[in-house]
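Asker: My questions will all concern the structure given below.
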Amino acid sequence: MPTTYPDQNVLIGLGRKARVPEFRKKLDDVLDSGELRVVLSFWHLVETAHTKKLENAIELALFI
């Protein structure tokens, strides 16, 4: 099982793509199957809290 440590920008991008139901289902299926493990860190929120782009911070919070 591959483990990935994406930065907050990747997570924000996934969150935006996950609004599409077909993509979200595929993502959920891969994560639920254990084929992929995505590591989230509290630090993602800390870094995002310092952004001047509020829409990115909201996007990350909604996704995770």
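In the structure tokens, each chain is lettered A, B, ... as it comes, each chain's residues begin at 1, and ligands are numbered from 1 in order of appearance.
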Within 12 Å of A:Glu47, counting only C-alpha atoms, which residues qualify if same-chain residues fewer than 2 places away don't, as a list in words?

Answerer: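 Contacts, in chain order: Asp7, Gln8, Asn9, Ser41, Phe42, Trp43, His44, Leu45, Ala49, His50, Thr51, Lys52, Lys53, Asn56, Ala57 and Leu60 of chain A.
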
Asker: Dump C-alpha atoms for the selected residues as a PDB file, in the first residue's frame?

Answerer:
ATOM      1  CA  ASP A   7       1.109  19.210   0.933  1.00  0.00           C
ATOM      2  CA  GLN A   8      -1.930  21.360   1.550  1.00  0.00           C
ATOM      3  CA  ASN A   9      -2.042  22.523  -2.068  1.00  0.00           C
ATOM      4  CA  SER A  41      -1.089  16.482   9.409  1.00  0.00           C
ATOM      5  CA  PHE A  42      -2.148  19.180  11.791  1.00  0.00           C
ATOM      6  CA  TRP A  43       0.568  21.193  10.096  1.00  0.00           C
ATOM      7  CA  HIS A  44      -1.571  21.376   6.948  1.00  0.00           C
ATOM      8  CA  LEU A  45      -4.035  23.467   8.923  1.00  0.00           C
ATOM      9  CA  ALA A  49      -4.211  29.325   8.487  1.00  0.00           C
ATOM     10  CA  HIS A  50      -1.425  31.706   7.460  1.00  0.00           C
ATOM     11  CA  THR A  51      -2.622  32.033   3.883  1.00  0.00           C
ATOM     12  CA  LYS A  52      -4.010  35.246   2.487  1.00  0.00           C
ATOM     13  CA  LYS A  53      -6.266  33.129   0.238  1.00  0.00           C
ATOM     14  CA  ASN A  56      -8.061  27.870  -0.051  1.00  0.00           C
ATOM     15  CA  ALA A  57      -8.262  27.570   3.721  1.00  0.00           C
ATOM     16  CA  LEU A  60      -9.018  22.435   2.777  1.00  0.00           C
TER      17      LEU A  60
END

Asker: Can you check which residues of chain A DSSP gives as strand (DSSP E) on the backbone and send them as a count of residues only?

Answerer: 4

Asker: Please list as a list of chain:residue names every residue within 10 Å of A:Tyr5, counting only C-alpha atoms and excluding residues in the same chain fewer than 6 positions away.

Answerer: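 My reading of the contact set: A:Leu11, A:Arg37, A:Val38, A:Val39, A:Leu40, A:Ser41.
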
Asker: How about saving the chosen residues, all heavy atoms kept, as a PDB file, in the first residue's frame?

Answerer:
ATOM      1  N   LEU A  11      -3.934  18.694  -1.361  1.00  0.00           N
ATOM      2  CA  LEU A  11      -5.208  18.382  -0.695  1.00  0.00           C
ATOM      3  C   LEU A  11      -6.314  19.336  -1.130  1.00  0.00           C
ATOM      4  O   LEU A  11      -7.458  18.915  -1.331  1.00  0.00           O
ATOM      5  CB  LEU A  11      -5.038  18.429   0.822  1.00  0.00           C
ATOM      6  CG  LEU A  11      -4.154  17.326   1.405  1.00  0.00           C
ATOM      7  CD1 LEU A  11      -3.886  17.595   2.880  1.00  0.00           C
ATOM      8  CD2 LEU A  11      -4.786  15.960   1.205  1.00  0.00           C
ATOM      9  N   ARG A  37      -2.776   5.264   0.948  1.00  0.00           N
ATOM     10  CA  ARG A  37      -2.920   5.888   2.261  1.00  0.00           C
ATOM     11  C   ARG A  37      -2.423   7.324   2.140  1.00  0.00           C
ATOM     12  O   ARG A  37      -1.308   7.565   1.691  1.00  0.00           O
ATOM     13  CB  ARG A  37      -2.104   5.163   3.313  1.00  0.00           C
ATOM     14  CG  ARG A  37      -2.294   5.742   4.693  1.00  0.00           C
ATOM     15  CD  ARG A  37      -1.447   5.099   5.738  1.00  0.00           C
ATOM     16  NE  ARG A  37      -1.323   3.664   5.533  1.00  0.00           N
ATOM     17  CZ  ARG A  37      -0.526   2.891   6.246  1.00  0.00           C
ATOM     18  NH1 ARG A  37       0.205   3.403   7.204  1.00  0.00           N
ATOM     19  NH2 ARG A  37      -0.463   1.608   6.005  1.00  0.00           N
ATOM     20  N   VAL A  38      -3.276   8.256   2.514  1.00  0.00           N
ATOM     21  CA  VAL A  38      -2.921   9.677   2.481  1.00  0.00           C
ATOM     22  C   VAL A  38      -2.778  10.147   3.916  1.00  0.00           C
ATOM     23  O   VAL A  38      -3.693  10.009   4.721  1.00  0.00           O
ATOM     24  CB  VAL A  38      -3.991  10.508   1.752  1.00  0.00           C
ATOM     25  CG1 VAL A  38      -3.655  11.980   1.797  1.00  0.00           C
ATOM     26  CG2 VAL A  38      -4.142  10.044   0.304  1.00  0.00           C
ATOM     27  N   VAL A  39      -1.611  10.682   4.236  1.00  0.00           N
ATOM     28  CA  VAL A  39      -1.335  11.132   5.598  1.00  0.00           C
ATOM     29  C   VAL A  39      -1.667  12.615   5.704  1.00  0.00           C
ATOM     30  O   VAL A  39      -1.171  13.434   4.936  1.00  0.00           O
ATOM     31  CB  VAL A  39       0.143  10.890   5.968  1.00  0.00           C
ATOM     32  CG1 VAL A  39       0.437  11.414   7.360  1.00  0.00           C
ATOM     33  CG2 VAL A  39       0.472   9.409   5.861  1.00  0.00           C
ATOM     34  N   LEU A  40      -2.544  12.932   6.653  1.00  0.00           N
ATOM     35  CA  LEU A  40      -2.892  14.313   6.942  1.00  0.00           C
ATOM     36  C   LEU A  40      -2.171  14.733   8.212  1.00  0.00           C
ATOM     37  O   LEU A  40      -1.981  13.929   9.121  1.00  0.00           O
ATOM     38  CB  LEU A  40      -4.392  14.456   7.149  1.00  0.00           C
ATOM     39  CG  LEU A  40      -5.278  14.035   5.993  1.00  0.00           C
ATOM     40  CD1 LEU A  40      -6.744  14.170   6.385  1.00  0.00           C
ATOM     41  CD2 LEU A  40      -4.983  14.839   4.757  1.00  0.00           C
ATOM     42  N   SER A  41      -1.813  15.977   8.260  1.00  0.00           N
ATOM     43  CA  SER A  41      -1.089  16.482   9.409  1.00  0.00           C
ATOM     44  C   SER A  41      -1.771  17.741   9.929  1.00  0.00           C
ATOM     45  O   SER A  41      -2.350  18.517   9.163  1.00  0.00           O
ATOM     46  CB  SER A  41       0.346  16.817   8.984  1.00  0.00           C
ATOM     47  OG  SER A  41       0.990  17.594   9.963  1.00  0.00           O
TER      48      SER A  41
END

Asker: Of the candidates A:Pro2, A:Gly34, A:Gly13, A:Pro21, which shows the shortest atom-to-atom distance to A:Leu62, using only C-alpha atoms?

Answerer: A:Gly13

Asker: What does the structure give for the distance between atom CA of A:Glu55 and atom CA of A:Leu31, in Å to one decimal?

Answerer: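 We find that atom CA of A:Glu55 and atom CA of A:Leu31 lie 25.5 Å from each other.
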
Asker: In Å, with one decimal, what is the gap from atom CA of A:Thr4 to atom CA of A:Glu35?

Answerer: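 Atom CA of A:Glu35 lies at a distance of 11.2 Å from atom CA of A:Thr4.
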
Asker: So what do you get for atom CA of A:Ala61 versus atom CA of A:Met1, distance-wise?

Answerer: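 Distance between the two atoms: 25.8 Å.
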
Asker: List every residue of chain A that DSSP, applied to the backbone of this structure, places in alpha helix (DSSP H), and write the result as a PyMOL selection string.

Answerer: chain A and resi 8-17+21-33+42-49+54-63
